[in-house]
Amino acid sequence: MTDLKQYFPMIQEREEVLTQIHEKKELSELFYSWTEEQQQEFLQFCIGVKGPRMLYDSFFKEVMNPESAPERLNEFLSLILGIRVKIHTVLPNDSTRIADESTLLVTDIVVELQDGSLANVEVQKIGYKFPGERSACYSADLLLRQYKRVRSKKRKKFSYRDIKSVYNIVLFESSPHEFHQYPNHYIHRCEQQSDTGIEIELLQKYIFIPIDIFKKTQQNKDIAGKLNAWLMFLSTDEPVEIARLIRAYPQFKPMYDEVYEMCRNMEDIMGLFSKELQELDRNTVQLMIDEMQEELDHKKEELALTEEKLGQTKEQLGQTKEQLEQALRRIQELENQAS
């Protein structure tokens with residue numbers, strides 16, 4: 001087993017962590033409010049038995065902060081989009097979400113790029129149902145936001161040429177079932193195209209990255225390039241893989257350093273972990289709601305079909321009854337004639 005302490009000497013021993021927890025009543029109460037499995041998970045990443053999960057909201061925002069370390073998100077977006085990216089502005093995002101689903105996202109970062117286009121980076125622990133429909137709504141929301149801002153700024157000089165592309169980039173820690181139909185693909189780039197070949201810029205573009213599928217495809221493989229290195233950084237908590245990553249790409253070591261420094265503040269790191277558990281619970285609830293709604297819709301469709309068949313059966317019975325009555329009347333007429 002790889003000892004992460006040889007790379008990150010600030011990692012604490014198990015006894016040190018437990019001592020800090022037991023020294024404060026509120027920390028001890030919080031720790032023992034978790035399940036035993038959750039307690040062990042927390043201790044494991046604090047003492048380096050497991051690495052930190054970089055898709056945790058606080059960890060991701062710490063290492064990928066576009067204001068304090070823009071070069072990191074610049075590089076990641078450049079590799080994902082296949083174009084050179086430089087972040088120009090970090091935009092507020094909490095007022096743009098449709099309904100209240102923003103509270104169920106682990107991470108949601110909106111940035112304006114140097115060419116004026118917008119990129120929305122989302123992390124979902126549990127991929128929602130209907131990922132395409134949701135992303136289309138959010139993309140439309142982002143496009144309208146850009147339109148309003150640019151038109152307000154340009155006024156009479158406004159032209160639709162001033163509206164740039166919007167990119168919706170979604171990373172799934174546990175991806176929806178649609179993506180598992182393509183087990184060898186972990187990056188899906190989507191955009192609108194004409195069926196005739198005519199080239200019209202329709203602005204809305206989507207990139208879906210099922211991290212769980214990436215992990216499966218990379219087992220026992222060398223790190224193939226910088227993009228895969230980034231995805232490994234975001235996906236793995238295995239010490240052996242973390243060690244392999246920072247040996248091949250030393251640029252990631254300072255990012256781990258930052259997270260392990262966060263782990264030295266026991267009060268903050270326990271609050272962070274507790275928040276992650278709450279986010280996971282809310283994501284699970286949302287998934288259950290989606291599944292129940294999908295099942296309800298299916299039952300409604302079945303009921304409608306049954307009612308339609310029942311209506312057809314009633315109509316057939318009515319026709320049969322009418323034919324039978326006609327036959328009885330005919331028999332009665334024949335009997336009357338015979339008498």
# chains A, B, ... in the order shown; residues from 1 in each chain; ligands from 1
>>> closest_atom_pairs(of="range 61-167 of chain A", to="range 184-191 of chain A", cutoff="12 Å", atoms="only C-alpha atoms", output="Markdown table")
| residue | atom | partner | partner_atom | distance |
| --- | --- | --- | --- | --- |
| A:Leu79 | CA | A:Ile187 | CA | 11.5 |
| A:Ile80 | CA | A:Ile187 | CA | 8.6 |
| A:Leu81 | CA | A:Arg189 | CA | 8.8 |
| A:Gly82 | CA | A:Arg189 | CA | 10.7 |
| A:Gly132 | CA | A:Cys190 | CA | 9.8 |
| A:Ser135 | CA | A:Cys190 | CA | 11.0 |
| A:Ala136 | CA | A:Glu191 | CA | 10.5 |
| A:Ser139 | CA | A:Glu191 | CA | 11.3 |
| A:Ser165 | CA | A:Glu191 | CA | 10.6 |
| A:Val166 | CA | A:Glu191 | CA | 10.6 |
| A:Tyr167 | CA | A:Glu191 | CA | 9.7 |
>>> write_last_selection(atoms="all heavy atoms", output="compact mmCIF listing (two decimals), in the first residue's frame")
# COMPACT_ATOMS: atom_id res chain seq x y z
N LEU A 79 -8.44 21.97 -22.46
CA LEU A 79 -8.34 20.56 -22.85
C LEU A 79 -9.71 19.98 -23.17
O LEU A 79 -9.86 19.20 -24.12
CB LEU A 79 -7.68 19.76 -21.72
CG LEU A 79 -6.20 20.09 -21.47
CD1 LEU A 79 -5.73 19.51 -20.14
CD2 LEU A 79 -5.33 19.56 -22.62
N ILE A 80 -10.72 20.34 -22.39
CA ILE A 80 -12.07 19.82 -22.61
C ILE A 80 -12.67 20.37 -23.90
O ILE A 80 -13.25 19.62 -24.71
CB ILE A 80 -13.00 20.19 -21.43
CG1 ILE A 80 -12.59 19.41 -20.17
CG2 ILE A 80 -14.46 19.93 -21.77
CD1 ILE A 80 -12.79 17.93 -20.27
N LEU A 81 -12.50 21.68 -24.14
CA LEU A 81 -13.13 22.32 -25.29
C LEU A 81 -12.31 22.18 -26.57
O LEU A 81 -12.83 22.39 -27.66
CB LEU A 81 -13.38 23.80 -25.00
CG LEU A 81 -14.29 24.11 -23.80
CD1 LEU A 81 -14.41 25.62 -23.60
CD2 LEU A 81 -15.66 23.49 -23.99
N GLY A 82 -11.03 21.87 -26.42
CA GLY A 82 -10.18 21.73 -27.59
C GLY A 82 -9.79 23.06 -28.21
O GLY A 82 -9.35 23.11 -29.36
N GLY A 132 -30.19 15.42 -20.70
CA GLY A 132 -30.21 16.28 -21.88
C GLY A 132 -31.21 17.40 -21.75
O GLY A 132 -30.91 18.56 -22.04
N SER A 135 -29.97 20.00 -19.18
CA SER A 135 -28.85 20.80 -19.69
C SER A 135 -29.32 21.78 -20.75
O SER A 135 -28.82 22.91 -20.83
CB SER A 135 -27.76 19.89 -20.27
OG SER A 135 -27.13 19.15 -19.25
N ALA A 136 -30.29 21.38 -21.57
CA ALA A 136 -30.82 22.28 -22.59
C ALA A 136 -31.49 23.49 -21.94
O ALA A 136 -31.34 24.63 -22.40
CB ALA A 136 -31.81 21.55 -23.50
N SER A 139 -28.75 25.68 -20.47
CA SER A 139 -28.03 26.35 -21.55
C SER A 139 -28.83 27.52 -22.10
O SER A 139 -28.30 28.60 -22.36
CB SER A 139 -27.72 25.34 -22.67
OG SER A 139 -27.07 25.97 -23.74
N SER A 165 -20.81 31.72 -28.03
CA SER A 165 -21.22 30.37 -27.64
C SER A 165 -21.39 30.25 -26.12
O SER A 165 -20.75 30.97 -25.35
CB SER A 165 -20.19 29.35 -28.10
OG SER A 165 -20.13 29.30 -29.52
N VAL A 166 -22.26 29.35 -25.72
CA VAL A 166 -22.37 28.99 -24.31
C VAL A 166 -22.08 27.49 -24.20
O VAL A 166 -22.62 26.67 -24.96
CB VAL A 166 -23.75 29.33 -23.72
CG1 VAL A 166 -23.96 30.82 -23.68
CG2 VAL A 166 -24.89 28.67 -24.50
N TYR A 167 -21.20 27.15 -23.27
CA TYR A 167 -20.80 25.76 -23.06
C TYR A 167 -21.34 25.29 -21.71
O TYR A 167 -21.11 25.93 -20.68
CB TYR A 167 -19.28 25.64 -23.05
CG TYR A 167 -18.61 26.07 -24.33
CD1 TYR A 167 -18.13 27.38 -24.49
CD2 TYR A 167 -18.43 25.18 -25.39
CE1 TYR A 167 -17.50 27.78 -25.66
CE2 TYR A 167 -17.80 25.57 -26.57
CZ TYR A 167 -17.35 26.88 -26.70
OH TYR A 167 -16.72 27.27 -27.86
>>> residues_around(residues="range 62-67 of chain A", least_positions_apart="4", cutoff="8 Å", atoms="only C-alpha atoms", output="list in words")
Ser58, Glu71, Arg72, Leu73, Ile87, Val90, Met255, Glu258 and Val259 of chain A
>>> select_by_dssp(residues="range 1-124 of chain A", states="helix (DSSP H, G or I)", output="PyMOL selection string")
chain A and resi 4-6+14-23+25-33+36-47+57-63+70-81+101-104
>>> select_by_dssp(residues="range 13-170 of chain A", states="strand (DSSP E or B)", output="list in words")
Ile87, His88, Thr89, Val90, Leu91, Thr107, Asp108, Ile109, Val110, Val111, Glu112, Leu113, Leu118, Ala119, Asn120, Val121, Glu122, Val123, Gln124, Lys125, Ile126, Val166, Tyr167, Asn168, Ile169 and Val170 of chain A
>>> write_last_selection(atoms="N, CA, C and O atoms", output="compact mmCIF listing (two decimals), in the first residue's frame")
# COMPACT_ATOMS: atom_id res chain seq x y z
N ILE A 87 -9.94 32.63 -18.91
CA ILE A 87 -11.10 33.16 -18.19
C ILE A 87 -10.97 34.67 -18.05
O ILE A 87 -9.94 35.19 -17.63
N HIS A 88 -12.03 35.36 -18.41
CA HIS A 88 -12.05 36.82 -18.33
C HIS A 88 -12.74 37.29 -17.05
O HIS A 88 -12.26 38.19 -16.37
N THR A 89 -13.88 36.68 -16.73
CA THR A 89 -14.67 37.11 -15.58
C THR A 89 -15.35 35.90 -14.95
O THR A 89 -15.78 34.99 -15.65
N VAL A 90 -15.44 35.91 -13.63
CA VAL A 90 -16.23 34.92 -12.91
C VAL A 90 -17.59 35.54 -12.63
O VAL A 90 -17.68 36.64 -12.09
N LEU A 91 -18.65 34.87 -13.04
CA LEU A 91 -19.99 35.42 -12.93
C LEU A 91 -20.75 34.78 -11.77
O LEU A 91 -20.56 33.59 -11.49
N THR A 107 -21.40 21.40 -7.43
CA THR A 107 -20.61 22.55 -7.84
C THR A 107 -21.23 23.16 -9.09
O THR A 107 -21.71 22.44 -9.96
N ASP A 108 -21.19 24.46 -9.16
CA ASP A 108 -21.74 25.16 -10.32
C ASP A 108 -20.96 26.46 -10.49
O ASP A 108 -21.17 27.41 -9.75
N ILE A 109 -20.02 26.49 -11.44
CA ILE A 109 -19.17 27.65 -11.66
C ILE A 109 -19.47 28.21 -13.05
O ILE A 109 -19.45 27.47 -14.04
N VAL A 110 -19.76 29.50 -13.13
CA VAL A 110 -20.02 30.16 -14.41
C VAL A 110 -18.91 31.18 -14.67
O VAL A 110 -18.66 32.04 -13.83
N VAL A 111 -18.28 31.07 -15.83
CA VAL A 111 -17.21 32.00 -16.18
C VAL A 111 -17.42 32.54 -17.59
O VAL A 111 -17.99 31.87 -18.44
N GLU A 112 -16.96 33.77 -17.79
CA GLU A 112 -16.94 34.35 -19.13
C GLU A 112 -15.53 34.22 -19.67
O GLU A 112 -14.56 34.58 -18.99
N LEU A 113 -15.41 33.71 -20.87
CA LEU A 113 -14.10 33.51 -21.48
C LEU A 113 -13.68 34.77 -22.21
O LEU A 113 -14.46 35.70 -22.41
N LEU A 118 -19.54 31.95 -22.77
CA LEU A 118 -19.76 31.59 -21.37
C LEU A 118 -19.58 30.08 -21.20
O LEU A 118 -19.94 29.30 -22.09
N ALA A 119 -19.03 29.70 -20.06
CA ALA A 119 -18.89 28.29 -19.73
C ALA A 119 -19.45 28.04 -18.34
O ALA A 119 -19.12 28.77 -17.40
N ASN A 120 -20.31 27.06 -18.25
CA ASN A 120 -20.89 26.67 -16.97
C ASN A 120 -20.36 25.28 -16.63
O ASN A 120 -20.58 24.32 -17.37
N VAL A 121 -19.62 25.17 -15.52
CA VAL A 121 -19.04 23.89 -15.10
C VAL A 121 -19.86 23.37 -13.92
O VAL A 121 -19.92 24.00 -12.87
N GLU A 122 -20.47 22.21 -14.11
CA GLU A 122 -21.28 21.59 -13.06
C GLU A 122 -20.65 20.27 -12.62
O GLU A 122 -20.09 19.55 -13.44
N VAL A 123 -20.79 19.96 -11.35
CA VAL A 123 -20.45 18.64 -10.84
C VAL A 123 -21.69 18.07 -10.16
O VAL A 123 -22.27 18.72 -9.30
N GLN A 124 -22.07 16.88 -10.57
CA GLN A 124 -23.22 16.21 -9.95
C GLN A 124 -22.75 14.89 -9.34
O GLN A 124 -22.15 14.07 -10.04
N LYS A 125 -23.00 14.71 -8.06
CA LYS A 125 -22.64 13.45 -7.41
C LYS A 125 -23.45 12.30 -7.98
O LYS A 125 -22.93 11.25 -8.32
N ILE A 126 -24.76 12.51 -8.06
CA ILE A 126 -25.65 11.52 -8.65
C ILE A 126 -26.31 12.19 -9.85
O ILE A 126 -27.00 13.19 -9.69
N VAL A 166 -22.26 29.35 -25.72
CA VAL A 166 -22.37 28.99 -24.31
C VAL A 166 -22.08 27.49 -24.20
O VAL A 166 -22.62 26.67 -24.96
N TYR A 167 -21.20 27.15 -23.27
CA TYR A 167 -20.80 25.76 -23.06
C TYR A 167 -21.34 25.29 -21.71
O TYR A 167 -21.11 25.93 -20.68
N ASN A 168 -22.04 24.17 -21.73
CA ASN A 168 -22.51 23.56 -20.48
C ASN A 168 -21.71 22.28 -20.27
O ASN A 168 -21.86 21.31 -21.03
N ILE A 169 -20.84 22.28 -19.26
CA ILE A 169 -19.93 21.16 -19.01
C ILE A 169 -20.37 20.48 -17.72
O ILE A 169 -20.37 21.08 -16.65
N VAL A 170 -20.77 19.22 -17.83
CA VAL A 170 -21.30 18.49 -16.68
C VAL A 170 -20.43 17.28 -16.39
O VAL A 170 -20.20 16.44 -17.27
>>> atom_distance(atom1="CA of Lys164 in chain A", atom2="CA of Asn74 in chain A")
17.9 Å
>>> closest_residue(among="A:Asp222, A:Asp162, A:Glu199, A:Glu238", to="Gln146 in chain A", atoms="only C-alpha atoms")
A:Asp162
>>> closest_residue(among="A:Gly271, A:Pro70, A:Pro239, A:Pro176", to="Tyr7 in chain A", atoms="only C-alpha atoms")
A:Pro239
>>> atom_distance(atom1="CA of Ile11 in chain A", atom2="CA of Asp212 in chain A")
26.9 Å
>>> atom_distance(atom1="CA of Leu296 in chain A", atom2="CA of Ser174 in chain A")
23.7 Å
